[in-house]
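Structure file upload-v8.pdb (PDB, C-alpha atoms) follows.
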```
ATOM      1  CA  MET W  23      53.000  98.522   1.061
ATOM      2  CA  ASN W  24      53.467  99.542   4.666
ATOM      3  CA  ARG W  25      54.304  95.948   5.544
ATOM      4  CA  ILE W  26      57.024  95.793   2.844
ATOM      5  CA  SER W  27      58.506  99.097   4.053
ATOM      6  CA  LEU W  28      58.579  97.777   7.623
ATOM      7  CA  ILE W  29      60.388  94.628   6.516
ATOM      8  CA  ILE W  30      62.929  96.687   4.537
ATOM      9  CA  LYS W  31      63.553  98.937   7.551
ATOM     10  CA  GLN W  32      64.069  95.924   9.814
ATOM     11  CA  ARG W  33      66.556  94.419   7.378
ATOM     12  CA  MET W  34      68.393  97.724   7.048
ATOM     13  CA  LEU W  35      68.648  97.973  10.835
ATOM     14  CA  SER W  36      69.942  94.385  10.986
ATOM     15  CA  ILE W  37      72.555  95.127   8.327
ATOM     16  CA  ILE W  38      73.625  98.310  10.119
ATOM     17  CA  PHE W  39      73.861  96.389  13.425
ATOM     18  CA  ILE W  40      75.985  93.674  11.789
ATOM     19  CA  ILE W  41      78.305  96.292  10.239
ATOM     20  CA  ILE W  42      78.701  98.055  13.596
ATOM     21  CA  ALA W  43      79.398  94.723  15.318
ATOM     22  CA  VAL W  44      82.050  93.792  12.742
ATOM     23  CA  ILE W  45      83.711  97.208  13.002
ATOM     24  CA  GLY W  46      83.601  96.981  16.798
ATOM     25  CA  GLY W  47      85.147  93.512  16.720
ATOM     26  CA  ILE W  48      87.941  94.693  14.445
ATOM     27  CA  PHE W  49      88.621  97.676  16.711
ATOM     28  CA  ILE W  50      88.715  95.495  19.853
ATOM     29  CA  PHE W  51      91.057  93.006  18.143
ATOM     30  CA  TRP W  52      93.353  95.871  17.056
ATOM     31  CA  TYR W  53      93.324  97.403  20.530
ATOM     32  CA  VAL W  54      94.131  94.105  22.313
ATOM     33  CA  SER W  55      96.910  93.298  19.823
ATOM     34  CA  ASN W  56      98.517  96.692  20.349
ATOM     35  CA  LEU W  57      98.162  96.334  24.121
ATOM     36  CA  LYS W  58      99.893  92.936  24.108
ATOM     37  CA  THR W  59     102.682  94.341  21.940
ATOM     38  CA  LYS W  60     103.144  97.292  24.287
ATOM     39  CA  ILE W  61     103.198  95.072  27.383
ATOM     40  CA  SER W  62     105.727  92.768  25.702
ATOM     41  CA  GLU W  63     107.948  95.722  24.827
ATOM     42  CA  ASP W  64     107.727  97.331  28.284
ATOM     43  CA  ALA W  65     108.273  94.118  30.292
ATOM     44  CA  SER W  66     111.712  93.556  31.773
ATOM     45  CA  TYR W  67     113.162  90.128  31.026
ATOM     46  CA  ASN W  68     116.226  88.265  32.274
ATOM     47  CA  GLN W  69     117.947  85.400  30.513
ATOM     48  CA  ILE W  70     118.341  82.209  32.512
ATOM     49  CA  PHE W  71     119.189  78.624  31.557
ATOM     50  CA  ILE W  72     117.062  75.494  31.754
ATOM     51  CA  ALA W  73     117.820  71.811  31.324
ATOM     52  CA  LYS W  74     117.188  70.742  27.722
ATOM     53  CA  THR W  75     117.007  67.140  28.929
ATOM     54  CA  ASP W  76     117.209  65.291  32.248
ATOM     55  CA  ILE W  77     120.581  65.759  33.940
ATOM     56  CA  LYS W  78     121.665  63.127  36.427
ATOM     57  CA  LYS W  79     123.454  63.804  39.692
ATOM     58  CA  ASP W  80     127.269  64.123  39.265
ATOM     59  CA  GLU W  81     126.867  64.445  35.501
ATOM     60  CA  GLU W  82     129.064  67.139  33.958
ATOM     61  CA  ILE W  83     126.987  69.861  32.333
ATOM     62  CA  THR W  84     127.753  70.654  28.708
ATOM     63  CA  GLY W  85     126.243  73.084  26.237
ATOM     64  CA  GLU W  86     124.094  70.340  24.706
ATOM     65  CA  LEU W  87     122.308  69.778  28.024
ATOM     66  CA  ILE W  88     121.079  73.336  28.588
ATOM     67  CA  GLU W  89     119.351  76.111  26.673
ATOM     68  CA  ALA W  90     118.720  79.806  27.270
ATOM     69  CA  GLN W  91     115.286  81.115  28.141
ATOM     70  CA  LYS W  92     113.937  84.557  29.059
ATOM     71  CA  ILE W  93     111.699  85.101  32.076
ATOM     72  CA  PRO W  94     110.034  88.281  33.437
ATOM     73  CA  GLY W  95     112.270  90.255  35.756
ATOM     74  CA  ASN W  96     109.655  90.326  38.516
ATOM     75  CA  ILE W  97     109.996  86.559  39.080
ATOM     76  CA  PHE W  98     113.788  86.494  38.903
ATOM     77  CA  SER W  99     115.670  84.934  41.809
ATOM     78  CA  GLU W 100     119.253  85.493  42.916
ATOM     79  CA  LYS W 101     119.697  81.713  42.711
ATOM     80  CA  PHE W 102     119.200  81.772  38.937
ATOM     81  CA  ILE W 103     122.324  81.903  36.765
ATOM     82  CA  MET W 104     122.588  84.369  33.886
ATOM     83  CA  ASP W 105     126.117  83.511  32.754
ATOM     84  CA  GLU W 106     126.466  80.272  30.785
ATOM     85  CA  ASP W 107     130.176  80.048  31.623
ATOM     86  CA  LYS W 108     129.238  79.641  35.302
ATOM     87  CA  ILE W 109     127.330  76.448  34.429
ATOM     88  CA  LEU W 110     129.417  74.680  31.787
ATOM     89  CA  GLY W 111     131.902  72.203  33.229
ATOM     90  CA  LYS W 112     130.137  72.037  36.599
ATOM     91  CA  LYS W 113     128.652  68.805  37.935
ATOM     92  CA  ALA W 114     125.028  68.513  38.977
ATOM     93  CA  ALA W 115     124.674  68.348  42.753
ATOM     94  CA  SER W 116     121.341  66.568  42.314
ATOM     95  CA  ASP W 117     119.076  65.385  39.492
ATOM     96  CA  ILE W 118     117.834  68.232  37.272
ATOM     97  CA  LEU W 119     114.666  67.512  35.322
ATOM     98  CA  GLU W 120     114.049  68.548  31.736
ATOM     99  CA  GLY W 121     112.788  72.139  31.635
ATOM    100  CA  GLU W 122     113.965  72.871  35.190
ATOM    101  CA  ILE W 123     115.796  76.173  35.753
ATOM    102  CA  ILE W 124     119.508  75.755  36.491
ATOM    103  CA  ARG W 125     120.031  77.202  39.977
ATOM    104  CA  LYS W 126     123.178  77.758  41.995
ATOM    105  CA  ASP W 127     122.164  75.176  44.587
ATOM    106  CA  LYS W 128     121.847  72.562  41.822
ATOM    107  CA  LEU W 129     125.549  72.764  40.936
ATOM    108  CA  GLY W 130     128.249  70.884  42.792
ATOM    109  CA  GLY W 131     131.354  72.565  44.143
ATOM    110  CA  VAL W 132     129.682  75.957  44.319
ATOM    111  CA  ASN W 133     129.391  78.025  47.462
ATOM    112  CA  SER W 134     125.835  79.406  47.423
ATOM    113  CA  ASN W 135     127.039  82.351  49.519
ATOM    114  CA  ASN W 136     129.652  83.275  46.940
ATOM    115  CA  TYR W 137     127.146  84.490  44.338
ATOM    116  CA  PHE W 138     129.654  83.680  41.606
ATOM    117  CA  GLY W 139     132.034  86.512  42.341
ATOM    118  CA  LEU W 140     129.492  89.320  42.605
ATOM    119  CA  SER W 141     130.932  92.120  44.713
ATOM    120  CA  PHE W 142     129.671  92.764  48.225
ATOM    121  CA  SER W 143     128.651  96.284  47.186
ATOM    122  CA  SER W 144     125.977  94.755  44.923
ATOM    123  CA  TYR W 145     123.974  93.793  48.014
ATOM    124  CA  ILE W 146     124.168  97.063  49.962
ATOM    125  CA  PRO W 147     120.699  98.682  50.144
ATOM    126  CA  TYR W 148     120.234 101.785  48.009
ATOM    127  CA  ASP W 149     121.520 105.020  49.565
ATOM    128  CA  LEU W 150     123.179 103.202  52.495
ATOM    129  CA  ARG W 151     126.818 102.426  53.228
ATOM    130  CA  ALA W 152     128.418  99.301  54.695
ATOM    131  CA  VAL W 153     130.651 100.457  57.547
ATOM    132  CA  SER W 154     132.901  98.311  59.747
ATOM    133  CA  ILE W 155     133.286  99.861  63.174
ATOM    134  CA  PRO W 156     135.517  98.925  66.130
ATOM    135  CA  VAL W 157     133.285  98.710  69.192
ATOM    136  CA  ASN W 158     133.887  97.902  72.823
ATOM    137  CA  PHE W 159     131.890  94.909  74.116
ATOM    138  CA  TYR W 160     132.140  93.585  77.669
ATOM    139  CA  GLY W 161     130.129  90.421  77.103
ATOM    140  CA  ASP W 162     130.983  87.107  75.468
ATOM    141  CA  LYS W 163     131.274  87.358  71.682
ATOM    142  CA  SER W 164     129.029  84.289  71.352
ATOM    143  CA  LEU W 165     126.137  86.364  72.696
ATOM    144  CA  LEU W 166     126.145  88.380  69.467
ATOM    145  CA  GLU W 167     124.669  87.100  66.231
ATOM    146  CA  GLU W 168     124.257  88.589  62.785
ATOM    147  CA  GLY W 169     120.788  90.114  62.621
ATOM    148  CA  ASP W 170     120.823  91.258  66.272
ATOM    149  CA  ARG W 171     119.990  94.897  66.865
ATOM    150  CA  VAL W 172     122.290  96.932  69.070
ATOM    151  CA  ASP W 173     122.871 100.445  70.385
ATOM    152  CA  LEU W 174     126.221 102.200  70.013
ATOM    153  CA  ILE W 175     127.131 104.403  72.969
ATOM    154  CA  SER W 176     129.958 106.902  72.758
ATOM    155  CA  THR W 177     132.031 107.500  75.902
ATOM    156  CA  TYR W 178     134.595 110.282  75.900
ATOM    157  CA  TYR W 179     136.505 112.525  78.265
ATOM    158  CA  GLU W 180     135.577 116.197  78.171
ATOM    159  CA  GLN W 181     138.764 118.002  79.089
ATOM    160  CA  GLU W 182     137.230 121.453  79.543
ATOM    161  CA  ASN W 183     134.974 120.265  82.372
ATOM    162  CA  SER W 184     137.147 117.298  83.369
ATOM    163  CA  ILE W 185     134.232 114.864  83.208
ATOM    164  CA  LEU W 186     133.579 111.552  81.491
ATOM    165  CA  CYS W 187     130.565 111.818  79.164
ATOM    166  CA  SER W 188     128.335 109.250  77.507
ATOM    167  CA  GLU W 189     125.720 109.478  74.771
ATOM    168  CA  THR W 190     123.901 107.088  72.425
ATOM    169  CA  VAL W 191     125.159 107.577  68.879
ATOM    170  CA  LEU W 192     123.021 104.961  67.068
ATOM    171  CA  SER W 193     119.959 103.050  68.239
ATOM    172  CA  GLU W 194     118.692  99.586  67.261
ATOM    173  CA  LYS W 195     121.036  99.074  64.323
ATOM    174  CA  GLU W 196     121.119  95.592  62.769
ATOM    175  CA  ILE W 197     124.432  93.722  62.780
ATOM    176  CA  ILE W 198     125.334  92.688  59.227
ATOM    177  CA  LEU W 199     128.657  91.019  59.970
ATOM    178  CA  ILE W 200     130.730  90.281  63.074
ATOM    179  CA  GLY W 201     134.468  90.412  62.505
ATOM    180  CA  SER W 202     137.408  89.430  64.665
ATOM    181  CA  ASN W 203     138.364  91.306  67.799
ATOM    182  CA  VAL W 204     141.617  93.185  68.375
ATOM    183  CA  GLU W 205     143.247  90.319  70.246
ATOM    184  CA  GLU W 206     142.547  87.879  67.390
ATOM    185  CA  SER W 207     143.790  90.310  64.750
ATOM    186  CA  TYR W 208     146.939  90.969  66.729
ATOM    187  CA  SER W 209     147.685  87.301  67.402
ATOM    188  CA  SER W 210     147.077  86.353  63.739
ATOM    189  CA  GLY W 211     150.156  88.276  62.681
ATOM    190  CA  GLU W 212     148.566  91.327  61.081
ATOM    191  CA  ASN W 213     150.860  94.338  60.836
ATOM    192  CA  TYR W 214     149.321  96.338  63.686
ATOM    193  CA  SER W 215     150.618  96.826  67.198
ATOM    194  CA  GLU W 216     148.129  96.633  70.039
ATOM    195  CA  ASP W 217     149.169 100.100  71.230
ATOM    196  CA  PHE W 218     148.529 101.512  67.772
ATOM    197  CA  LEU W 219     145.045  99.993  67.614
ATOM    198  CA  LEU W 220     144.091 101.175  71.070
ATOM    199  CA  ASP W 221     145.458 104.682  70.546
ATOM    200  CA  SER W 222     143.737 105.030  67.184
ATOM    201  CA  ILE W 223     140.397 104.046  68.704
ATOM    202  CA  PHE W 224     140.583 106.029  71.929
ATOM    203  CA  ILE W 225     141.964 109.356  70.682
ATOM    204  CA  GLY W 226     140.836 112.084  73.078
ATOM    205  CA  SER W 227     139.795 109.601  75.719
ATOM    206  CA  GLN W 228     141.436 108.698  79.002
ATOM    207  CA  VAL W 229     139.800 105.303  79.344
ATOM    208  CA  ASN W 230     142.353 103.363  77.277
ATOM    209  CA  SER W 231     143.267 100.953  80.046
ATOM    210  CA  ASN W 232     139.702  99.921  80.858
ATOM    211  CA  TYR W 233     138.317  98.155  77.806
ATOM    212  CA  GLY W 234     136.444  94.998  77.078
ATOM    213  CA  LYS W 235     136.721  93.066  73.846
ATOM    214  CA  LEU W 236     137.138  95.235  70.772
ATOM    215  CA  LEU W 237     135.012  93.767  67.969
ATOM    216  CA  ILE W 238     134.788  94.855  64.356
ATOM    217  CA  ILE W 239     131.056  95.091  63.549
ATOM    218  CA  THR W 240     129.639  95.907  60.107
ATOM    219  CA  PHE W 241     126.421  97.924  59.770
ATOM    220  CA  TYR W 242     124.391  99.474  56.942
ATOM    221  CA  LEU W 243     124.282 103.205  57.695
ATOM    222  CA  SER W 244     123.208 106.411  56.026
ATOM    223  CA  LYS W 245     125.830 109.025  55.117
ATOM    224  CA  SER W 246     124.938 111.199  58.092
ATOM    225  CA  GLU W 247     125.164 108.199  60.448
ATOM    226  CA  VAL W 248     128.592 107.295  59.053
ATOM    227  CA  GLU W 249     129.857 110.816  59.739
ATOM    228  CA  LYS W 250     128.374 110.746  63.234
ATOM    229  CA  VAL W 251     130.024 107.407  64.047
ATOM    230  CA  PHE W 252     133.496 108.416  62.900
ATOM    231  CA  LEU W 253     133.306 111.723  64.754
ATOM    232  CA  ALA W 254     132.436 109.710  67.869
ATOM    233  CA  LEU W 255     135.419 107.412  67.259
ATOM    234  CA  GLU W 256     137.763 110.404  66.978
ATOM    235  CA  ARG W 257     136.380 111.764  70.228
ATOM    236  CA  GLY W 258     136.412 108.582  72.288
ATOM    237  CA  VAL W 259     135.307 104.947  72.246
ATOM    238  CA  LEU W 260     132.102 103.266  71.077
ATOM    239  CA  ASN W 261     130.471 100.740  73.381
ATOM    240  CA  LEU W 262     127.912  98.198  72.306
ATOM    241  CA  SER W 263     124.697  97.131  74.038
ATOM    242  CA  ILE W 264     122.281  94.468  72.744
ATOM    243  CA  CYS W 265     118.646  95.426  72.184
ATOM    244  CA  PRO W 266     115.726  93.084  72.918
ATOM    245  CA  LYS W 267     114.015  91.399  69.992
ATOM    246  CA  LYS W 268     110.761  93.042  68.931
TER
END
```
Show me, as structure tokens, the structure contained in the file I just sent.
Amino acid sequence: MNRISLIIKQRMLSIIFIIIAVIGGIFIFWYVSNLKTKISEDASYNQIFIAKTDIKKDEEITGELIEAQKIPGNIFSEKFIMDEDKILGKKAASDILEGEIIRKDKLGGVNSNNYFGLSFSSYIPYDLRAVSIPVNFYGDKSLLEEGDRVDLISTYYEQENSILCSETVLSEKEIILIGSNVEESYSSGENYSEDFLLDSIFIGSQVNSNYGKLLIITFYLSKSEVEKVFLALERGVLNLSICPKK
């Protein structure tokens, strides 16, 4: 009798264990399914275009050759194209394999620096401002390159004490763009007189006659730095010095 009771208890325990295992499996399956659904809903996706079939070099791209596909936003590249109209009618600059993402550098007759008409403001870092500043540079313009870091030094005449002052306004700022100098702008026929440009830059200063080459340099600056720079321009002239590479 005791042996039969023991067997019944063992079977009951086995049945209970199986029931718990099944319930646990169902719960885990439900949890994982909900988690996948939540991740899918929360993920950020961008639509790009891929080649539906092999596209040969110089072949004109039509709607039948491409198809839309969504990819996670964290692997998106600025070379990918989201607008179908920017692809159709273009010729392939090189062979594009089936399933390959259509990129800007794969299309002929497209300037990869143009970014298909996206405005310059789209590439300004958050909370900064792109500012073009006339600066005085005594060296050869070829010594400067985009990406160089420079200091901007303000020189101005202090009338109360009758002294010429100098102070560093900005330190180690990266050059984003190097524009033309005053002489080039003047000779190109723009509607500015040289006297007007010089006077507008050197207001309050008595060093108008002693200047180097006036270059237009673009920087990314904070709001407070922008205000500081333009106050310095109103007071005198900004000179540029090149910083060593780190």
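Selection result for the displayed file, with the PyMOL selection byres ((chain W and resi 126) around 7) as criterion, is Lys101, Phe102, Ile103, Ile124, Arg125, Asp127, Lys128, Leu129 and Ser134 of chain W.
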Evaluate the PyMOL selection byres ((chain W and resi 75) around 10) and report residues as a ChimeraX atom specification: /W:72-74,76-78,86-89,118-122
Saved selection, atoms kept: C-alpha atoms, as a short mmCIF file (atom, residue, chain, number, x, y, z; two decimals), keeping the file's coordinate frame:
```cif
data_model
loop_
_atom_site.label_atom_id
_atom_site.label_comp_id
_atom_site.auth_asym_id
_atom_site.auth_seq_id
_atom_site.Cartn_x
_atom_site.Cartn_y
_atom_site.Cartn_z
CA ILE W 72 117.06 75.49 31.75
CA ALA W 73 117.82 71.81 31.32
CA LYS W 74 117.19 70.74 27.72
CA ASP W 76 117.21 65.29 32.25
CA ILE W 77 120.58 65.76 33.94
CA LYS W 78 121.66 63.13 36.43
CA GLU W 86 124.09 70.34 24.71
CA LEU W 87 122.31 69.78 28.02
CA ILE W 88 121.08 73.34 28.59
CA GLU W 89 119.35 76.11 26.67
CA ILE W 118 117.83 68.23 37.27
CA LEU W 119 114.67 67.51 35.32
CA GLU W 120 114.05 68.55 31.74
CA GLY W 121 112.79 72.14 31.64
CA GLU W 122 113.96 72.87 35.19
#
```
Identify the residues around (126.2, 87.5, 67.4) within a radius of 10 Å, measuring from all atoms listed in the file in the coordinates stated by the file, and give them as a CSV table (one decimal) with C-alpha atoms, in the frame of the given file.
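That gives us part-v6.csv:
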```csv
chain,number,residue,atom,x,y,z
W,162,ASP,CA,131.0,87.1,75.5
W,163,LYS,CA,131.3,87.4,71.7
W,164,SER,CA,129.0,84.3,71.4
W,165,LEU,CA,126.1,86.4,72.7
W,166,LEU,CA,126.1,88.4,69.5
W,167,GLU,CA,124.7,87.1,66.2
W,168,GLU,CA,124.3,88.6,62.8
W,169,GLY,CA,120.8,90.1,62.6
W,170,ASP,CA,120.8,91.3,66.3
W,171,ARG,CA,120.0,94.9,66.9
W,197,ILE,CA,124.4,93.7,62.8
W,198,ILE,CA,125.3,92.7,59.2
W,199,LEU,CA,128.7,91.0,60.0
W,200,ILE,CA,130.7,90.3,63.1
W,239,ILE,CA,131.1,95.1,63.5
W,264,ILE,CA,122.3,94.5,72.7
```
Protein, DNA and RNA residues within 12 Å of (117.0, 98.4, 70.9), all atoms listed in the file, as a list of chain:residue names: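 Here is the list of nearby residues: W:Asp170, W:Arg171, W:Val172, W:Asp173, W:Leu174, W:Ile175, W:Thr190, W:Leu192, W:Ser193, W:Glu194, W:Lys195, W:Glu196, W:Ile197, W:Leu262, W:Ser263, W:Ile264, W:Cys265, W:Pro266, W:Lys267, W:Lys268.
Between atom CA of Glu100 of chain W and atom CA of Ile83 of chain W the interatomic distance comes to 20.4 Å.
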Test item: residues at most 9 Å from Gln69 of chain W, all atoms listed in the file, excluding those fewer than 4 positions along its chain, as a list of chain:residue names: W:Ala90, W:Gln91, W:Lys92, W:Ile93, W:Pro94, W:Ile103, W:Met104, W:Asp105
